[in-house]
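**Q** Pasting in a structure now, in structure tokens, and then I'll have a few things to ask.
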Amino acid sequence: MSEREYFACVGRRPGTFVGTASSFHQLTAFLTGYDQHAMRHGGKGLTGWHEWLIARRGRDCNHAWPGQVLHIALPEGWNNIADLPPEDEKHGIKILFQLLDEFAAEREESPGAQNSDVCSSFRGTTLIKP
């Protein structure tokens, strides 16, 4: 199973992986664990994901990648990443897995490219509209 297929599987049934289908915070914690495990065992994990999100968004800030995803999903902002309103949770999760799919697809298309080369090609990409 490719990473793209794996992410799609998690996105279709998130509750199977984190116990609840509606927690953006728990899903990002799960994906961080996935990333750490992959890197520990010689895989790519989410290498380049944070930089890809910054390039996708068109600017950086002091947030880690979950905050970058929320900036794209909820451009009007949020109060507490661990306690989002249900509609923001649902939308954030939807956008998270759309972005992961795009990231994995683009990484599959350029498997030999360096992360900096891959990330630089995303500048100017149109943001997902909420």
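Residues in the structure tokens are named by chain (A, B, ... in the order shown) and by number from 1 within that chain; ligands are numbered from 1 in the order shown.
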Do a neighbour search on region 13-20 of chain A at 9 Å with only C-alpha atoms, toss out local chain neighbours closer than 6 positions, and write the hits as JSON, numbers by chain.

**A** {"A": [26, 27, 30]}

**Q** Keeping only C-alpha atoms, write the selected residues as a compact mmCIF listing (two decimals), in the first residue's frame.

**A**
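Output file result-v5.txt is given in full below:
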# COMPACT_ATOMS: atom_id res chain seq x y z
CA GLN A 26 -6.24 13.49 17.48
CA LEU A 27 -5.79 12.86 13.76
CA PHE A 30 -1.79 10.15 14.94

**Q** Find the residues near Asp88 (chain A): any atom within 12 Å, counting only C-alpha atoms, skip ones fewer than 4 places away on the same chain, and give them as a compact mmCIF listing (two decimals) with C-alpha atoms, in the first residue's frame.

**A**
# COMPACT_ATOMS: atom_id res chain seq x y z
CA SER A 22 -14.28 14.10 14.37
CA SER A 23 -11.07 15.13 16.13
CA PHE A 24 -8.66 17.16 14.04
CA HIS A 25 -6.27 17.29 17.00
CA VAL A 69 -3.46 23.06 7.59
CA LEU A 70 -5.97 25.04 9.65
CA HIS A 71 -4.80 28.32 8.11
CA ILE A 72 -5.72 26.85 4.74
CA ALA A 73 -8.95 25.22 5.93
CA LEU A 74 -10.10 28.05 8.21
CA PRO A 75 -8.60 31.28 6.89
CA GLU A 76 -10.79 33.31 9.27
CA GLY A 77 -8.92 31.73 12.20
CA TRP A 78 -9.75 29.61 15.24
CA ASN A 79 -9.54 29.92 19.02
CA ASN A 80 -8.28 26.52 20.23
CA ILE A 81 -6.84 23.83 17.96
CA ALA A 82 -7.70 21.13 20.53
CA ASP A 83 -11.33 22.30 20.87
CA LEU A 84 -12.63 23.32 17.44
CA GLY A 92 -10.40 20.85 8.88
CA ILE A 93 -10.30 17.05 8.60
CA LYS A 94 -11.67 17.15 5.05
CA ILE A 95 -9.04 19.68 3.98
CA LEU A 96 -6.29 17.80 5.86
CA PRO A 130 -13.52 26.49 2.07

**Q** If you run DSSP over the backbone, which residues in chain A end up helix (DSSP H, G or I)? Put them as a VMD selection string.

**A** chain A and resid 3 to 12 14 to 18 24 to 40 49 to 57 65 to 73 86 to 109 115 to 120

**Q** Quick one, how far is CA of Leu46 (chain A) from CA of Glu5 (chain A)?

**A**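 The value is 14.2 Å.
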
**Q** Between CA of Glu108 (chain A) and CA of Gly67 (chain A), what is the spacing in Å?

**A**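 Between CA of Gly67 (chain A) and CA of Glu108 (chain A) the gap works out to 24.6 Å.
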
**Q** What is the CA of Gly11 (chain A)-CA of His91 (chain A) distance in Å, reported with one decimal?

**A**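 These atoms are spaced 12.3 Å apart.
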